[in-house]
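Following: one structure in structure tokens, then a few remarks.
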Amino acid sequence: MASFRGAVLKRSSPGLDSSFRAQMTEFIRKPHHRYEDPLARIWTACASAVGFRIARSRDLYAATDGEGTIYLGTDDILDPDDSLAQMILHELCHALVEGEAGECQPDWGLDNTSGRDTWHEHACLRLQAYLTAAWGLREFFAPTTDFRVKFWNTMAEDPFQPSFPVARYEPSCVAARTAAWRASLPRWQVPLTQAFEATARVLAAVNSVADGTSVPVTKTLALPSLYGTVRPVPAMHAAGHSFVAPWHGQERCGGCAWSYHKRGRTRCRHPGTAPISPEMPACARWEARADLACETCGACCREAYDAVDVGRREVLVRRHPLLVETAGARSLRVKRVDGRCAALSGGREKNDGYWCSVYEDRPKTCREFELGGDHCLTARRKVGLSL
């Protein structure tokens, strides 16, 4: 049956004249375009820009093949609050958490049949909350799986704050911060920023002419619009590298571990920032000075850096020759084992601290390394201890 405006044209019966049937067929319009949800278009393009193809299937909810394709369920099998844009973003967060090694494995290399990798899902959701909070879209992009109740709804306003005291070193927090650092790298930063900016503009335009009142889903069910969960975009911090984070309360830039004084002005260690005032409210990257402690960090001595050069006349070479190896024809460096400096001890067990086994004889490079300096910040970001 096909309709022509208000009239209904019944399908031709075998007894109708063939010429009449041909005339009726001319009234049946053939579509030349396909409508697509604008947010789905935006986030499909974002996925493509970072190297993934989006495919739809009725046979699953979400999966990846390890070869660059993300499979997501078709609209007819999704719940009313499912958003393809949110589902794409969620999978991209998984990619960021698992890194390039995970991208090459089906389902990011995660075991979905047991609780072994639950903390990986938690890390993904922490990252998702952090990225979306910067655009007032934390609830709009909330997950719709069982983790919505089990984890997302229990998260603190600060997504990197777990439910027990050792906040900075909880595995899902570390993995999420590391993923946030990856999100700032060239491959990811521009596509994600463009997608969030476009999403915020679309939602603002919709909400300027329509509210979030209930809309019919079935004859017996009406739900508030997901658009009603959109919040104002938080103010960008004056330093320009992050947004003002309400969860830091009364904290100010002057108390941040990454602020410093130069030529009578307060500045921030994060790149690309202008002079700031010590009284400015804290941004999302704020970190207490007390959190910078070598004994609980060890970032510069582990996977954050690849090598430490050593001069041939340094004490380390003479007193600890087994810790030194040749690097090229004329250079020496400290050996590394499993990505760590061979002289680094500790950090193998939960809550285990770090210490240097040759601290008094450490090379010049280590002696000149500045706690709280640019390289310290870079190292901590790489291992997930700072944003």
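Just so we're on the same page: first chain in the structure tokens is A, next is B, and so on; residues restart at 1 for each chain, and ligands are numbered from 1 in the order they show up.
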Compile a residue-level contact table for region 165-234 of chain A against region 62-83 of chain A at a cut-off of 10 Å, reporting for every qualifying residue the shortest atom pair and its distance in Å to one decimal, with only C-alpha atoms counted, rows ordered by chain and ascending number, as CSV.
residue,atom,partner,partner_atom,distance
A:Val217,CA,A:Pro80,CA,7.4
A:Leu223,CA,A:Pro80,CA,8.6
A:Pro224,CA,A:Asp81,CA,9.7
A:Ser225,CA,A:Asp81,CA,8.7
A:Leu226,CA,A:Asp81,CA,7.0
Would you put the residues from that selection into a file with N, CA and C atoms, as a PDB file, in the first residue's frame?
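Dumped everything to again.pdb:
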ATOM      1  N   VAL A 217       6.860   7.405  22.850  1.00  0.00           N
ATOM      2  CA  VAL A 217       7.727   6.351  22.331  1.00  0.00           C
ATOM      3  C   VAL A 217       6.870   5.207  21.822  1.00  0.00           C
ATOM      4  N   LEU A 223       8.606   9.312  27.525  1.00  0.00           N
ATOM      5  CA  LEU A 223       9.814   9.589  28.285  1.00  0.00           C
ATOM      6  C   LEU A 223      10.292  11.018  28.016  1.00  0.00           C
ATOM      7  N   PRO A 224      10.962  11.630  28.995  1.00  0.00           N
ATOM      8  CA  PRO A 224      11.542  12.954  28.743  1.00  0.00           C
ATOM      9  C   PRO A 224      12.604  12.848  27.651  1.00  0.00           C
ATOM     10  N   SER A 225      12.785  13.900  26.917  1.00  0.00           N
ATOM     11  CA  SER A 225      13.781  13.898  25.846  1.00  0.00           C
ATOM     12  C   SER A 225      15.187  13.900  26.429  1.00  0.00           C
ATOM     13  N   LEU A 226      16.063  13.150  25.797  1.00  0.00           N
ATOM     14  CA  LEU A 226      17.464  13.125  26.194  1.00  0.00           C
ATOM     15  C   LEU A 226      18.091  14.511  26.052  1.00  0.00           C
TER      16      LEU A 226
END
Near-His94 (chain A) list (10 Å; only C-alpha atoms; drop same-chain fewer than 5 positions) as a PyMOL selection string: chain A and resi 88-89+99+102-103+107-108+110+120-121+123-125+127-128+176+179
CA of His32 (chain A) to CA of Gln86 (chain A), straight-line distance in Å: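 The value is 28.3 Å.
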Which of region 86-220 of chain A fall in alpha helix (DSSP H), as a ChimeraX atom specification: /A:86-103,118-133,147-150,171-183,186-209
Polymer residues at most 9 Å from region 290-305 of chain A, only C-alpha atoms, same-chain spacing of 2 or more positions, as number ranges by chain: A: 168-169, 257, 287-288, 307-308, 336, 338-344, 347, 351-356, 369, 371-372, 375-376, 378-383, 385
Point-to-point distance from CA of Thr199 (chain A) to CA of Leu39 (chain A), Å rounded to tenths: 6.3 Å
Pick from A:Ser172, A:Ser114, A:Thr132, A:Ser259 nearest to Ala200 (chain A), counting only C-alpha atoms: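 Using only C-alpha atoms, Ala200 (chain A) sits closest to A:Thr132.
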Per-residue DSSP, region 4-204 of chain A, filtered to strand (DSSP E or B), as a VMD selection string: chain A and resid 4 7 to 9 53 to 57 62 to 64 69 to 73
So that I have them on file, write out the residues from the current selection with N, CA, C and O atoms, as a CSV table (one decimal), in the first residue's frame.
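Final file, out-v4.csv:
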chain,number,residue,atom,x,y,z
A,4,PHE,N,-0.7,8.7,-1.4
A,4,PHE,CA,-0.4,9.9,-2.2
A,4,PHE,C,-1.1,11.0,-1.4
A,4,PHE,O,-2.3,11.3,-1.5
A,7,ALA,N,-4.7,10.6,0.1
A,7,ALA,CA,-5.4,9.5,-0.5
A,7,ALA,C,-4.6,8.2,-0.3
A,7,ALA,O,-3.4,8.3,-0.1
A,8,VAL,N,-5.2,7.1,-0.3
A,8,VAL,CA,-4.6,5.8,-0.2
A,8,VAL,C,-4.8,5.0,-1.5
A,8,VAL,O,-6.0,4.9,-1.9
A,9,LEU,N,-3.8,4.6,-2.1
A,9,LEU,CA,-3.9,3.8,-3.4
A,9,LEU,C,-3.7,2.4,-3.0
A,9,LEU,O,-2.6,2.0,-2.5
A,53,ARG,N,36.0,2.4,11.1
A,53,ARG,CA,34.8,2.4,10.3
A,53,ARG,C,33.7,1.9,11.2
A,53,ARG,O,33.8,1.0,12.0
A,54,ILE,N,32.5,2.6,11.1
A,54,ILE,CA,31.3,2.2,11.8
A,54,ILE,C,30.4,1.3,10.9
A,54,ILE,O,30.1,1.7,9.8
A,55,ALA,N,30.0,0.2,11.4
A,55,ALA,CA,29.1,-0.7,10.7
A,55,ALA,C,28.0,-1.1,11.7
A,55,ALA,O,28.1,-1.1,12.9
A,56,ARG,N,26.8,-1.3,11.1
A,56,ARG,CA,25.6,-1.6,11.9
A,56,ARG,C,25.2,-3.1,11.7
A,56,ARG,O,25.3,-3.6,10.6
A,57,SER,N,24.7,-3.7,12.8
A,57,SER,CA,24.2,-5.1,12.7
A,57,SER,C,23.1,-5.4,13.7
A,57,SER,O,23.1,-4.8,14.8
A,62,ALA,N,27.4,-4.2,20.6
A,62,ALA,CA,28.6,-3.5,20.2
A,62,ALA,C,29.8,-4.5,20.2
A,62,ALA,O,29.9,-5.4,21.0
A,63,ALA,N,30.7,-4.4,19.2
A,63,ALA,CA,31.8,-5.3,19.0
A,63,ALA,C,32.8,-4.6,18.1
A,63,ALA,O,32.5,-3.7,17.3
A,64,THR,N,34.1,-5.1,18.2
A,64,THR,CA,35.1,-4.7,17.2
A,64,THR,C,35.8,-5.9,16.7
A,64,THR,O,35.8,-7.0,17.3
A,69,THR,N,37.2,-2.0,12.4
A,69,THR,CA,35.7,-1.8,12.2
A,69,THR,C,35.1,-2.0,13.6
A,69,THR,O,35.3,-2.9,14.4
A,70,ILE,N,34.2,-1.0,13.9
A,70,ILE,CA,33.4,-1.0,15.1
A,70,ILE,C,32.0,-1.4,14.7
A,70,ILE,O,31.4,-0.6,13.9
A,71,TYR,N,31.4,-2.4,15.2
A,71,TYR,CA,30.1,-2.9,14.9
A,71,TYR,C,29.1,-2.4,16.0
A,71,TYR,O,29.4,-2.7,17.2
A,72,LEU,N,28.0,-1.8,15.7
A,72,LEU,CA,27.0,-1.3,16.6
A,72,LEU,C,25.6,-1.8,16.2
A,72,LEU,O,25.4,-1.9,15.0
A,73,GLY,N,24.8,-2.0,17.2
A,73,GLY,CA,23.4,-2.5,16.8
A,73,GLY,C,22.6,-1.5,16.0
A,73,GLY,O,22.8,-0.3,16.1
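Residues in contact with Pro363 (chain A) at up to 10 Å, not including ones fewer than 4 positions away on its chain and judged by only C-alpha atoms, are A:Val308, A:Asp309, A:Val310, A:Gly311, A:Glu314, A:Val315, A:Leu316, A:Val317, A:Arg333, A:Val334, A:Val358, A:Tyr359, A:Arg367, A:Glu368.
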For the selection you just gave me, I'd like the residues written to a file as a compact mmCIF listing (two decimals), in the first residue's frame, keeping N, CA and C atoms.
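Output (result-v2.txt):
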# COMPACT_ATOMS: atom_id res chain seq x y z
N VAL A 308 68.37 6.85 29.99
CA VAL A 308 69.10 7.85 30.77
C VAL A 308 70.56 7.77 30.36
N ASP A 309 71.07 8.83 29.76
CA ASP A 309 72.47 8.85 29.34
C ASP A 309 73.40 9.00 30.54
N VAL A 310 74.57 8.38 30.41
CA VAL A 310 75.56 8.41 31.50
C VAL A 310 76.92 8.79 30.92
N GLY A 311 77.60 9.70 31.57
CA GLY A 311 78.96 10.06 31.16
C GLY A 311 79.94 8.99 31.57
N GLU A 314 81.39 9.14 35.14
CA GLU A 314 80.49 9.25 36.29
C GLU A 314 80.69 8.10 37.27
N VAL A 315 80.38 8.37 38.52
CA VAL A 315 80.56 7.38 39.59
C VAL A 315 79.78 6.11 39.30
N LEU A 316 78.61 6.23 38.72
CA LEU A 316 77.77 5.06 38.45
C LEU A 316 78.51 4.04 37.60
N VAL A 317 79.26 4.50 36.61
CA VAL A 317 79.97 3.59 35.70
C VAL A 317 81.03 2.79 36.45
N ARG A 333 74.45 4.39 28.70
CA ARG A 333 73.15 4.68 29.31
C ARG A 333 72.85 3.62 30.37
N VAL A 334 71.91 3.94 31.23
CA VAL A 334 71.50 3.01 32.28
C VAL A 334 70.61 1.93 31.65
N VAL A 358 70.57 3.03 43.74
CA VAL A 358 71.91 3.65 43.66
C VAL A 358 71.78 5.17 43.77
N TYR A 359 70.87 5.61 44.64
CA TYR A 359 70.53 7.03 44.70
C TYR A 359 71.75 7.93 44.90
N ARG A 367 70.25 13.70 38.66
CA ARG A 367 70.45 14.74 39.67
C ARG A 367 69.85 16.07 39.22
N GLU A 368 69.86 16.33 37.93
CA GLU A 368 69.35 17.61 37.41
C GLU A 368 67.86 17.57 37.11
Neighbour list for region 40-48 of chain A as a ChimeraX atom specification, cut-off 7 Å, only C-alpha atoms, skip fewer than 4 positions in-chain: /A:36,52-54,84-85,88,191-192,195
